[in-house]
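Engineer: Sharing a structure here in structure tokens format.
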Amino acid sequence: MKVVFFGLYTPLQGAPTIGAAIAKVGDGPVRWTMIGRGQERAATEAATAGVGVTWLDWVDYDDLPRVVAGHDVCLGIFGATPKAQRVVPNKVFQGAAAGCAIVTSDTPSQRHALGDAAVYVRPGDADDLARAITTLAADRSELQRLRRAAHATAVERFGPPAVTLGLSSTLLAAHPTRRDPSNAA
């Protein structure tokens, strides 16, 4: 199973938690790719305890979707900061759109956004993250179900029609004499 994380290694992202989970899971059935640089990268690398991890300083934005889509699981955030409890990171939306299973922290915001299309772990809990990854690596049918569910959620909730619906409705209500461009001939 191929697992990817990408980010700026800020406390919000909780990358040292990922590093500690990598050390617990080991090389076994998981191949790890960690992308990015930032203030917690050194601590994250140190936490992996010699496990084989592919470390990339960055991937060009044009190439990132392809790289992420080449993995089975995309990791979200695992920080325990107050901000980490409130946000849904772009990497979760991007990983879901790429067809990856999503593993991220268990917060109200992320549960609201993703529903049953993700695996949730306690923020800052490397043991819980390691268990989630190990479980997915052992259950390929659940991994595939989560990949399909994440992608369907991305299309349904985060695609252009869904994210522009509120704006479109507001603009049409504010300007009722203008014709709806979606009905243009």
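Convention: chains lettered A, B, ... in structure tokens order; per-chain residue numbering from 1; ligands numbered from 1 as shown.
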Show me, as a PyMOL selection string, the residues that have an atom within 6 Å of Leu8 (chain A) when counting only C-alpha atoms, minus same-chain residues fewer than 5 positions from it.
Structural biologist: chain A and resi 36-38
Engineer: Which residues are near region 49-64 of chain A? Cut-off 6 Å, only C-alpha atoms, ignore same chain within fewer than 5 positions. Put them as a PyMOL selection string.
Structural biologist: chain A and resi 23+26-27+32-37
Engineer: Can you write out the residues you just picked, keeping N, CA and C atoms, as a PDB file, in the first residue's frame?
Structural biologist:
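Written file, again00.pdb:
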```
ATOM      1  N   ALA A  23       7.308   4.911  12.117  1.00  0.00           N
ATOM      2  CA  ALA A  23       8.220   4.060  12.883  1.00  0.00           C
ATOM      3  C   ALA A  23       7.487   2.851  13.456  1.00  0.00           C
ATOM      4  N   GLY A  26       6.524   0.575  10.296  1.00  0.00           N
ATOM      5  CA  GLY A  26       7.722   0.033   9.673  1.00  0.00           C
ATOM      6  C   GLY A  26       7.608  -0.067   8.164  1.00  0.00           C
ATOM      7  N   ASP A  27       8.538  -0.793   7.588  1.00  0.00           N
ATOM      8  CA  ASP A  27       8.602  -0.930   6.132  1.00  0.00           C
ATOM      9  C   ASP A  27       7.547  -1.888   5.606  1.00  0.00           C
ATOM     10  N   TRP A  32       6.039   4.597   1.983  1.00  0.00           N
ATOM     11  CA  TRP A  32       5.738   5.952   2.445  1.00  0.00           C
ATOM     12  C   TRP A  32       6.400   6.991   1.545  1.00  0.00           C
ATOM     13  N   THR A  33       5.645   8.043   1.193  1.00  0.00           N
ATOM     14  CA  THR A  33       6.193   9.201   0.481  1.00  0.00           C
ATOM     15  C   THR A  33       5.816  10.442   1.273  1.00  0.00           C
ATOM     16  N   MET A  34       6.824  11.208   1.658  1.00  0.00           N
ATOM     17  CA  MET A  34       6.621  12.449   2.418  1.00  0.00           C
ATOM     18  C   MET A  34       7.147  13.602   1.570  1.00  0.00           C
ATOM     19  N   ILE A  35       6.253  14.544   1.260  1.00  0.00           N
ATOM     20  CA  ILE A  35       6.588  15.637   0.357  1.00  0.00           C
ATOM     21  C   ILE A  35       6.490  16.966   1.099  1.00  0.00           C
ATOM     22  N   GLY A  36       7.508  17.799   0.951  1.00  0.00           N
ATOM     23  CA  GLY A  36       7.464  19.143   1.501  1.00  0.00           C
ATOM     24  C   GLY A  36       8.626  19.447   2.425  1.00  0.00           C
ATOM     25  N   ARG A  37       8.670  20.695   2.842  1.00  0.00           N
ATOM     26  CA  ARG A  37       9.687  21.187   3.775  1.00  0.00           C
ATOM     27  C   ARG A  37       8.975  22.060   4.796  1.00  0.00           C
TER      28      ARG A  37
END
```
Engineer: How close does each residue of region 22-107 of chain A get to region 147-157 of chain A, giving the shortest atom pair and distance in Å to one decimal for every residue with an atom at most 6 Å away, counting only C-alpha atoms, sorted by chain and residue number, as a tab-separated table?
Structural biologist:
```
residue	atom	partner	partner_atom	distance
A:Ala96	CA	A:Ala150	CA	4.7
A:Ala97	CA	A:Ala154	CA	5.2
A:Gly99	CA	A:His151	CA	4.9
A:Cys100	CA	A:Arg147	CA	4.9
A:Ala101	CA	A:Arg147	CA	4.2
```
Engineer: Using CA of Leu172 (chain A) and CA of Val87 (chain A) as the two end points, give the distance in Å to one decimal.
Structural biologist: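 So the answer is 29.5 Å.
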Engineer: Mind checking DSSP for region 33-132 of chain A and telling me the strand (DSSP E) residues as a list in words?
Structural biologist: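 Across region 33-132 of chain A, those assigned strand (DSSP E) are Thr33, Met34, Ile35, Val53, Thr54, Trp55, Leu56, Val73, Cys74, Leu75, Ala101, Ile102, Val103, Thr104, Ser105, Val119, Tyr120 and Val121 of chain A.
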Engineer: Which residues, written as a PyMOL selection string, have at least one atom at most 6 Å from region 111-124 of chain A, with only C-alpha atoms counted and residues fewer than 3 positions away on the same chain left out?
Structural biologist: chain A and resi 17+78-80+102-106+108+128-129+146+149-150
Engineer: Okay, now the selection with N, CA and C atoms, as a tab-separated table (two decimals), in the first residue's frame?
Structural biologist:
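Wrote again_3.tsv, looks like this:
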```
chain	number	residue	atom	x	y	z
A	17	THR	N	3.73	13.40	14.30
A	17	THR	CA	2.83	12.27	14.61
A	17	THR	C	2.88	11.26	13.48
A	78	PHE	N	-2.84	15.96	11.51
A	78	PHE	CA	-2.89	15.23	12.77
A	78	PHE	C	-2.49	16.10	13.95
A	79	GLY	N	-2.40	17.42	13.72
A	79	GLY	CA	-2.04	18.34	14.78
A	79	GLY	C	-3.11	18.43	15.85
A	80	ALA	N	-2.69	18.84	17.04
A	80	ALA	CA	-3.62	18.97	18.16
A	80	ALA	C	-3.83	20.44	18.53
A	102	ILE	N	-8.67	8.52	2.38
A	102	ILE	CA	-8.21	9.61	3.24
A	102	ILE	C	-8.14	9.12	4.68
A	103	VAL	N	-6.99	9.38	5.32
A	103	VAL	CA	-6.82	9.15	6.75
A	103	VAL	C	-6.44	10.49	7.34
A	104	THR	N	-7.23	10.96	8.30
A	104	THR	CA	-7.02	12.29	8.86
A	104	THR	C	-7.51	12.33	10.30
A	105	SER	N	-7.33	13.48	10.95
A	105	SER	CA	-7.71	13.59	12.36
A	105	SER	C	-9.23	13.66	12.52
A	106	ASP	N	-9.66	13.16	13.65
A	106	ASP	CA	-11.09	13.11	13.97
A	106	ASP	C	-11.52	14.44	14.58
A	108	PRO	N	-14.70	17.67	14.25
A	108	PRO	CA	-16.05	17.93	13.72
A	108	PRO	C	-16.02	18.47	12.28
A	128	ASP	N	-2.81	5.50	17.17
A	128	ASP	CA	-4.08	5.41	16.46
A	128	ASP	C	-3.85	5.49	14.95
A	129	LEU	N	-2.97	6.38	14.52
A	129	LEU	CA	-2.65	6.50	13.10
A	129	LEU	C	-2.00	5.22	12.59
A	146	LEU	N	-12.99	2.80	0.46
A	146	LEU	CA	-12.69	4.16	0.91
A	146	LEU	C	-12.19	5.03	-0.24
A	149	ALA	N	-15.30	5.94	-2.17
A	149	ALA	CA	-16.14	6.86	-1.39
A	149	ALA	C	-15.52	8.26	-1.35
A	150	ALA	N	-14.21	8.34	-1.17
A	150	ALA	CA	-13.55	9.65	-1.14
A	150	ALA	C	-13.70	10.35	-2.48
```
Engineer: Just how far from CA of Leu143 (chain A) is CA of Met1 (chain A), in Å to one decimal?
Structural biologist: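 Taking CA of Met1 (chain A) and CA of Leu143 (chain A), their separation equals 9.2 Å.
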Engineer: One decimal, in Å: what's the spacing between CA of Gln85 (chain A) and CA of Gly19 (chain A)?
Structural biologist: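 Pair CA of Gln85 (chain A) / CA of Gly19 (chain A) returns 20.0 Å.
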Engineer: Considering only alpha helix (DSSP H) as DSSP defines it on the backbone, what residues of region 14-178 of chain A qualify? List them as a CSV table (one decimal) with N, CA and C atoms, in the first residue's frame.
Structural biologist:
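Dumped to states_19.csv:
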```csv
chain,number,residue,atom,x,y,z
A,15,ALA,N,3.0,16.6,11.5
A,15,ALA,CA,3.9,15.7,10.8
A,15,ALA,C,4.7,14.8,11.7
A,16,PRO,N,5.2,15.3,12.9
A,16,PRO,CA,5.9,14.4,13.8
A,16,PRO,C,5.0,13.2,14.2
A,17,THR,N,3.7,13.4,14.3
A,17,THR,CA,2.8,12.3,14.6
A,17,THR,C,2.9,11.3,13.5
A,18,ILE,N,2.9,11.7,12.2
A,18,ILE,CA,3.1,10.8,11.1
A,18,ILE,C,4.4,10.1,11.2
A,19,GLY,N,5.5,10.8,11.5
A,19,GLY,CA,6.8,10.2,11.6
A,19,GLY,C,6.8,9.1,12.6
A,20,ALA,N,6.2,9.3,13.8
A,20,ALA,CA,6.1,8.3,14.9
A,20,ALA,C,5.3,7.1,14.4
A,21,ALA,N,4.2,7.4,13.7
A,21,ALA,CA,3.4,6.3,13.2
A,21,ALA,C,4.1,5.5,12.1
A,22,ILE,N,4.9,6.1,11.3
A,22,ILE,CA,5.7,5.4,10.3
A,22,ILE,C,6.7,4.4,11.1
A,23,ALA,N,7.3,4.9,12.1
A,23,ALA,CA,8.2,4.1,12.9
A,23,ALA,C,7.5,2.9,13.5
A,24,LYS,N,6.3,3.0,13.9
A,24,LYS,CA,5.5,1.9,14.5
A,24,LYS,C,5.1,0.9,13.4
A,25,VAL,N,4.7,1.4,12.2
A,25,VAL,CA,4.2,0.5,11.1
A,25,VAL,C,5.4,-0.2,10.5
A,41,ARG,N,9.9,19.3,9.7
A,41,ARG,CA,10.4,18.2,8.9
A,41,ARG,C,11.5,17.4,9.5
A,42,ALA,N,12.5,18.1,10.1
A,42,ALA,CA,13.6,17.4,10.8
A,42,ALA,C,13.1,16.5,11.9
A,43,ALA,N,12.2,17.0,12.7
A,43,ALA,CA,11.6,16.1,13.8
A,43,ALA,C,10.8,15.0,13.2
A,44,THR,N,10.2,15.2,12.1
A,44,THR,CA,9.4,14.1,11.4
A,44,THR,C,10.4,13.0,10.9
A,45,GLU,N,11.4,13.5,10.2
A,45,GLU,CA,12.4,12.5,9.7
A,45,GLU,C,13.0,11.7,10.8
A,46,ALA,N,13.4,12.4,11.9
A,46,ALA,CA,14.0,11.8,13.1
A,46,ALA,C,13.1,10.7,13.7
A,47,ALA,N,11.8,11.0,13.7
A,47,ALA,CA,10.8,10.1,14.3
A,47,ALA,C,10.6,8.8,13.5
A,64,LEU,N,1.7,17.5,-9.0
A,64,LEU,CA,1.2,17.0,-7.7
A,64,LEU,C,0.0,16.1,-7.8
A,65,PRO,N,-1.0,16.5,-8.6
A,65,PRO,CA,-2.2,15.6,-8.7
A,65,PRO,C,-1.8,14.2,-9.2
A,66,ARG,N,-1.0,14.1,-10.2
A,66,ARG,CA,-0.5,12.8,-10.7
A,66,ARG,C,0.2,12.0,-9.6
A,67,VAL,N,1.1,12.7,-8.9
A,67,VAL,CA,1.9,12.0,-7.9
A,67,VAL,C,1.0,11.5,-6.8
A,68,VAL,N,0.1,12.4,-6.3
A,68,VAL,CA,-0.9,11.9,-5.2
A,68,VAL,C,-1.7,10.8,-5.7
A,69,ALA,N,-2.2,10.9,-7.0
A,69,ALA,CA,-3.1,9.8,-7.5
A,69,ALA,C,-2.4,8.5,-7.6
A,90,ASN,N,-6.7,21.6,2.5
A,90,ASN,CA,-6.8,21.3,1.0
A,90,ASN,C,-6.3,19.9,0.7
A,91,LYS,N,-5.3,19.4,1.3
A,91,LYS,CA,-4.7,18.1,1.0
A,91,LYS,C,-5.8,17.0,1.1
A,92,VAL,N,-6.8,17.2,2.0
A,92,VAL,CA,-7.9,16.2,2.1
A,92,VAL,C,-8.8,16.3,0.8
A,93,PHE,N,-9.1,17.5,0.4
A,93,PHE,CA,-9.9,17.6,-0.8
A,93,PHE,C,-9.2,17.1,-2.0
A,94,GLN,N,-7.9,17.5,-2.1
A,94,GLN,CA,-7.1,17.1,-3.2
A,94,GLN,C,-6.8,15.6,-3.3
A,95,GLY,N,-6.6,15.0,-2.1
A,95,GLY,CA,-6.4,13.5,-2.1
A,95,GLY,C,-7.6,12.8,-2.5
A,96,ALA,N,-8.8,13.3,-2.0
A,96,ALA,CA,-10.1,12.6,-2.3
A,96,ALA,C,-10.3,12.7,-3.8
A,97,ALA,N,-10.1,13.9,-4.4
A,97,ALA,CA,-10.3,14.1,-5.8
A,97,ALA,C,-9.3,13.2,-6.7
A,108,PRO,N,-14.7,17.7,14.3
A,108,PRO,CA,-16.0,17.9,13.7
A,108,PRO,C,-16.0,18.5,12.3
A,109,SER,N,-15.1,19.3,12.0
A,109,SER,CA,-15.0,19.9,10.6
A,109,SER,C,-14.8,18.9,9.6
A,110,GLN,N,-13.8,18.0,9.9
A,110,GLN,CA,-13.5,17.0,8.9
A,110,GLN,C,-14.6,15.9,8.7
A,111,ARG,N,-15.2,15.6,9.9
A,111,ARG,CA,-16.3,14.6,9.8
A,111,ARG,C,-17.5,15.2,9.0
A,112,HIS,N,-17.7,16.5,9.2
A,112,HIS,CA,-18.8,17.2,8.4
A,112,HIS,C,-18.5,17.2,6.9
A,113,ALA,N,-17.2,17.5,6.6
A,113,ALA,CA,-16.9,17.5,5.2
A,113,ALA,C,-16.8,16.2,4.5
A,114,LEU,N,-16.3,15.2,5.2
A,114,LEU,CA,-16.1,13.9,4.6
A,114,LEU,C,-17.0,12.7,4.9
A,126,ALA,N,-0.1,8.9,17.5
A,126,ALA,CA,0.7,8.1,16.5
A,126,ALA,C,0.2,6.7,16.5
A,127,ASP,N,-0.1,6.1,17.7
A,127,ASP,CA,-0.6,4.8,17.8
A,127,ASP,C,-1.9,4.6,17.0
A,128,ASP,N,-2.8,5.5,17.2
A,128,ASP,CA,-4.1,5.4,16.5
A,128,ASP,C,-3.9,5.5,14.9
A,129,LEU,N,-3.0,6.4,14.5
A,129,LEU,CA,-2.7,6.5,13.1
A,129,LEU,C,-2.0,5.2,12.6
A,130,ALA,N,-1.1,4.7,13.3
A,130,ALA,CA,-0.4,3.4,12.9
A,130,ALA,C,-1.4,2.3,12.8
A,131,ARG,N,-2.4,2.2,13.7
A,131,ARG,CA,-3.4,1.2,13.7
A,131,ARG,C,-4.3,1.3,12.4
A,132,ALA,N,-4.6,2.6,12.1
A,132,ALA,CA,-5.5,2.8,10.9
A,132,ALA,C,-4.8,2.4,9.7
A,133,ILE,N,-3.5,2.8,9.5
A,133,ILE,CA,-2.7,2.4,8.3
A,133,ILE,C,-2.6,0.9,8.3
A,134,THR,N,-2.2,0.3,9.3
A,134,THR,CA,-2.0,-1.2,9.4
A,134,THR,C,-3.3,-1.9,9.0
A,135,THR,N,-4.4,-1.4,9.5
A,135,THR,CA,-5.7,-2.0,9.2
A,135,THR,C,-6.1,-1.9,7.7
A,136,LEU,N,-5.8,-0.7,7.1
A,136,LEU,CA,-6.1,-0.5,5.7
A,136,LEU,C,-5.2,-1.4,4.8
A,137,ALA,N,-3.9,-1.5,5.3
A,137,ALA,CA,-3.0,-2.3,4.5
A,137,ALA,C,-3.4,-3.8,4.5
A,138,ALA,N,-4.1,-4.2,5.5
A,138,ALA,CA,-4.5,-5.6,5.6
A,138,ALA,C,-5.8,-5.9,5.0
A,140,ARG,N,-7.7,-4.9,1.8
A,140,ARG,CA,-7.7,-4.3,0.5
A,140,ARG,C,-9.1,-3.9,0.0
A,141,SER,N,-10.1,-4.7,0.4
A,141,SER,CA,-11.5,-4.3,0.0
A,141,SER,C,-12.0,-3.1,0.7
A,142,GLU,N,-11.6,-2.9,1.9
A,142,GLU,CA,-12.0,-1.7,2.6
A,142,GLU,C,-11.2,-0.5,2.1
A,143,LEU,N,-10.0,-0.7,1.7
A,143,LEU,CA,-9.1,0.3,1.1
A,143,LEU,C,-9.8,0.8,-0.2
A,144,GLN,N,-10.2,-0.1,-1.0
A,144,GLN,CA,-10.9,0.2,-2.3
A,144,GLN,C,-12.2,0.9,-2.1
A,145,ARG,N,-13.0,0.5,-1.1
A,145,ARG,CA,-14.2,1.1,-0.8
A,145,ARG,C,-14.0,2.6,-0.4
A,146,LEU,N,-13.0,2.8,0.5
A,146,LEU,CA,-12.7,4.2,0.9
A,146,LEU,C,-12.2,5.0,-0.2
A,147,ARG,N,-11.4,4.5,-1.1
A,147,ARG,CA,-11.0,5.2,-2.3
A,147,ARG,C,-12.1,5.7,-3.1
A,148,ARG,N,-13.1,4.7,-3.4
A,148,ARG,CA,-14.3,5.1,-4.2
A,148,ARG,C,-15.1,6.1,-3.5
A,149,ALA,N,-15.3,5.9,-2.2
A,149,ALA,CA,-16.1,6.9,-1.4
A,149,ALA,C,-15.5,8.3,-1.3
A,150,ALA,N,-14.2,8.3,-1.2
A,150,ALA,CA,-13.6,9.6,-1.1
A,150,ALA,C,-13.7,10.4,-2.5
A,151,HIS,N,-13.5,9.6,-3.6
A,151,HIS,CA,-13.6,10.2,-4.9
A,151,HIS,C,-15.0,10.7,-5.1
A,152,ALA,N,-16.0,9.9,-4.8
A,152,ALA,CA,-17.4,10.2,-5.0
A,152,ALA,C,-17.8,11.5,-4.2
A,153,THR,N,-17.3,11.5,-3.0
A,153,THR,CA,-17.5,12.7,-2.1
A,153,THR,C,-16.9,14.0,-2.7
A,154,ALA,N,-15.7,13.8,-3.3
A,154,ALA,CA,-15.0,15.0,-3.9
A,154,ALA,C,-15.8,15.5,-5.1
A,155,VAL,N,-16.3,14.6,-5.9
A,155,VAL,CA,-17.1,15.0,-7.1
A,155,VAL,C,-18.4,15.6,-6.6
A,156,GLU,N,-19.1,15.0,-5.7
A,156,GLU,CA,-20.4,15.5,-5.3
A,156,GLU,C,-20.3,16.8,-4.5
A,157,ARG,N,-19.4,16.9,-3.5
A,157,ARG,CA,-19.4,18.0,-2.6
A,157,ARG,C,-18.4,19.1,-2.9
A,158,PHE,N,-17.3,18.7,-3.6
A,158,PHE,CA,-16.2,19.7,-3.8
A,158,PHE,C,-16.0,20.1,-5.2
A,160,PRO,N,-16.8,21.8,-9.0
A,160,PRO,CA,-17.2,23.1,-9.4
A,160,PRO,C,-18.7,23.4,-9.2
A,161,PRO,N,-19.6,22.5,-9.7
A,161,PRO,CA,-21.0,22.8,-9.5
A,161,PRO,C,-21.4,22.9,-8.0
A,162,ALA,N,-20.9,22.1,-7.2
A,162,ALA,CA,-21.2,22.1,-5.8
A,162,ALA,C,-20.7,23.4,-5.1
A,163,VAL,N,-19.5,23.7,-5.4
A,163,VAL,CA,-18.9,24.8,-4.6
A,163,VAL,C,-19.3,26.2,-5.1
A,164,THR,N,-19.9,26.2,-6.3
A,164,THR,CA,-20.3,27.5,-6.9
A,164,THR,C,-21.9,27.7,-6.7
A,165,LEU,N,-22.6,26.7,-6.3
A,165,LEU,CA,-24.0,26.7,-6.2
A,165,LEU,C,-24.5,27.9,-5.3
A,166,GLY,N,-23.9,28.0,-4.1
A,166,GLY,CA,-24.3,29.1,-3.2
A,166,GLY,C,-24.1,30.5,-3.9
A,167,LEU,N,-22.9,30.7,-4.5
A,167,LEU,CA,-22.6,31.9,-5.1
A,167,LEU,C,-23.6,32.2,-6.3
A,168,SER,N,-23.8,31.2,-7.1
A,168,SER,CA,-24.7,31.3,-8.2
A,168,SER,C,-26.1,31.7,-7.8
A,169,SER,N,-26.6,31.0,-6.7
A,169,SER,CA,-28.0,31.3,-6.2
A,169,SER,C,-28.0,32.7,-5.7
A,170,THR,N,-27.0,33.2,-5.0
A,170,THR,CA,-27.0,34.5,-4.4
A,170,THR,C,-27.0,35.6,-5.5
A,171,LEU,N,-26.2,35.4,-6.5
A,171,LEU,CA,-26.1,36.3,-7.6
A,171,LEU,C,-27.4,36.4,-8.4
A,172,LEU,N,-28.0,35.2,-8.7
A,172,LEU,CA,-29.3,35.2,-9.4
A,172,LEU,C,-30.4,35.9,-8.6
A,173,ALA,N,-30.4,35.7,-7.3
A,173,ALA,CA,-31.4,36.3,-6.4
A,173,ALA,C,-31.2,37.8,-6.4
A,174,ALA,N,-29.9,38.3,-6.4
A,174,ALA,CA,-29.6,39.7,-6.4
A,174,ALA,C,-29.9,40.4,-7.7
```
